[in-house]
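A quick write-up on the structure given underneath.
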Amino acid sequence: MSQKHLSDLSHLHFSTQCVHGGVHKDQQYNSVTTPIYPTSTFYWNSLESHSGYDYTRSSNPTRKALEENIAALEGGAGCSATSTGMSAVHCAMALFSPGDHIIAPADLYGGTFRLFERFLKEKGLTFTFVDMTDSNQVRSAFTPQTRAIWIETPSNPLLKVIDIGAVAGLARARGCISICDNTFLSPYLQRPLDFGVDIVVHSTTKYINGHSDVVGGCVVSKSVEHAKQIAWTCNALGLSCSPFDAWLVLRGLKTLSVRMDAQQASALLIARFLEQHPLIEKVYYPGLESHPQHQLARIQQRGPGAMLAFDVRDGRPVAERVCMRTHLFDVAESLGGIESLISFPTTMSHASMTPAARAAAGITEKTVRISVGLEHADDLIADLQQALST
Ligand SMILES: *Cc1c(COP(=O)(O)O)cnc(C)c1O
């Protein structure tokens, strides 16, 4: 039944798949949504047979529905839904053993950087961090021990775009796999598996759930073999998400494409407004012609997304004013929800980097990041306008 669902849906539009993917029709009362199964265990019919579910850490019908939906949206053979984005990252990294070498972007998500540099390094993995927009840096980072390339695009907070197909190709040519963190765009705007990537991870906390009311993650595999290995790891390490969280994320996911369409339409209007504002020095947004990888983003992404960053002209005082004087933007970390957020990477998301590392990454006290929500673009622009005017 569930298999039939997946194959039936693959010819339908993305928004249709969001609504109908992984919906397990309730046979008992005909509820149109997938019920929440808050049970730790499932009774057996005989000593030899059960319903297909035996224990919720291994598998649960509500979580299964979410996993089928996301696997279809990403074009993967299987998906494991995890408790957080970081547990998804950790689960994917469990494919590697001491001595293995991984190439990763220098401007990696902070939590992923911490896991790699402060935890997995101690367990014997080695890492080289490069500017992944430069293929020569990627080429020269390979060692005989390299097993994988970790991709994250667009980057946080400066929205640098990595050529996924080119980097995945470099990995494959050397017998390595590639893994892509697709959190910033969601499968609606970018499908890394279509460009030769082997595994996709998400923090579903962000766009996939989209309502800032749950933390979650997932790992999607292109091959059945990887999907099995990831599911095994998820069970062995106890990383899977609760049925209630799975249900929340599944509910959020149903409106992914309409949320994304509206949020990125507003993001483009805001980026254009900021670009012409006299107090703004630079705007980082892949949808702007001035973005260095604008053409690549047009090919690789279905749209520019709803995250943007900008540098103000007069440094910290202006950056601080914008953050603190807006009324509609909460000053908060995280992203991808329906409410707009504003943040100051220097003291917030990127505070754990040394000032030198931040400077090398191009993040300064002029840099402000915005996650554009579902409020009307005119209201958001008016709010930024009043915050910028002294
Ligand atoms: C938030 C985030 C994560 C970590 O996800 P959590 O749900 O917070 O554990 C990983 N990667 C990216 C790109 C993120 O934005």
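How things are named: the first chain in the structure tokens is A, the next is B, and so on; residues count from 1 in each chain; ligands count from 1 in the order shown.
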
Exercise. Stretch 268-273 of chain A: which residues within 9 Å, counting only C-alpha atoms, same-chain residues fewer than 3 positions away excluded, as JSON, numbers by chain?
Worked result: {"A": [263, 264, 265, 276, 277, 283, 284, 285, 287, 288, 304, 305, 306, 308, 309, 310, 372, 377, 378, 380, 381, 384, 385]}

Contact check, chain A to ligand 1, at most 6 Å, counting only C-alpha atoms and all ligand atoms, closest pairs as JSON lines:
{"residue": "A:Thr84", "atom": "CA", "partner": "ligand 1", "partner_atom_place_in_ligand_line": "9 (O)", "distance": 4.2}
{"residue": "A:Gly85", "atom": "CA", "partner": "ligand 1", "partner_atom_place_in_ligand_line": "5 (O)", "distance": 3.3}
{"residue": "A:Met86", "atom": "CA", "partner": "ligand 1", "partner_atom_place_in_ligand_line": "9 (O)", "distance": 3.9}
{"residue": "A:Tyr109", "atom": "CA", "partner": "ligand 1", "partner_atom_place_in_ligand_line": "13 (C)", "distance": 5.2}
{"residue": "A:Thr183", "atom": "CA", "partner": "ligand 1", "partner_atom_place_in_ligand_line": "13 (C)", "distance": 5.0}
{"residue": "A:Phe184", "atom": "CA", "partner": "ligand 1", "partner_atom_place_in_ligand_line": "13 (C)", "distance": 5.9}
{"residue": "A:Ser203", "atom": "CA", "partner": "ligand 1", "partner_atom_place_in_ligand_line": "5 (O)", "distance": 4.2}
{"residue": "A:Thr205", "atom": "CA", "partner": "ligand 1", "partner_atom_place_in_ligand_line": "7 (O)", "distance": 4.9}
{"residue": "A:Val215", "atom": "CA", "partner": "ligand 1", "partner_atom_place_in_ligand_line": "7 (O)", "distance": 4.9}
{"residue": "A:Gly216", "atom": "CA", "partner": "ligand 1", "partner_atom_place_in_ligand_line": "7 (O)", "distance": 5.1}
{"residue": "A:Gly217", "atom": "CA", "partner": "ligand 1", "partner_atom_place_in_ligand_line": "7 (O)", "distance": 5.8}

Problem set entry | Shell of 7 Å around stretch 58-61 of chain A, only C-alpha atoms, local chain residues under 4 positions omitted, as a ChimeraX atom specification | /A:37,53,65,235,243

Written selection (C-alpha atoms) as a short mmCIF file (atom, residue, chain, number, x, y, z; two decimals), in the first residue's frame:
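Written file, selection.cif:
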data_model
loop_
_atom_site.label_atom_id
_atom_site.label_comp_id
_atom_site.auth_asym_id
_atom_site.auth_seq_id
_atom_site.Cartn_x
_atom_site.Cartn_y
_atom_site.Cartn_z
CA TYR A 37 0.59 6.45 17.20
CA TYR A 53 5.93 -2.64 13.64
CA ALA A 65 4.46 8.39 6.91
CA ASN A 235 17.85 2.40 15.52
CA PRO A 243 5.57 9.99 16.80
#

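Nearest to A:Val219 of all the residues A:Ala387, A:Gly315, A:Ser371, A:Ile199 is A:Ile199, counting only C-alpha atoms.
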
For this session: Name all residues at most 8 Å from A:Pro105 (count only C-alpha atoms; drop same-chain ones fewer than 6 positions away) and give them as a VMD selection string.
Result: chain A and resid 129 to 132 150 to 152

Exercise. Residues at most 12 Å from A:Ile208, counting only C-alpha atoms, excluding those fewer than 2 positions away in the same chain, as a VMD selection string?
Worked result: chain A and resid 18 66 69 to 70 73 to 74 81 85 182 to 189 201 to 206 210 to 218 246 248 to 260 335 to 338

Problem set entry | Filtered DSSP result for stretch 66-95 of chain A, state strand (DSSP E), as a list in words |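 Matching residues for strand (DSSP E) in stretch 66-95 of chain A are Gly78, Cys79, Ser80, Ala81 and Thr82 of chain A.
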
Problem set entry | Nearest to A:Arg358 by atom-to-atom distance, counting only C-alpha atoms, from A:Gly238, A:Gly76, A:Gly110, A:Gly373 |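 Comparing A:Gly238, A:Gly76, A:Gly110, A:Gly373 against A:Arg358, the winner is A:Gly110.
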
For this session: Measuring atom to atom with only C-alpha atoms, identify which of A:Ile342, A:Val220, A:Phe244, A:Leu47 is nearest to A:Thr326.
Result: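 Looking only at the distances to A:Thr326, the closest residue turns out to be A:Ile342.
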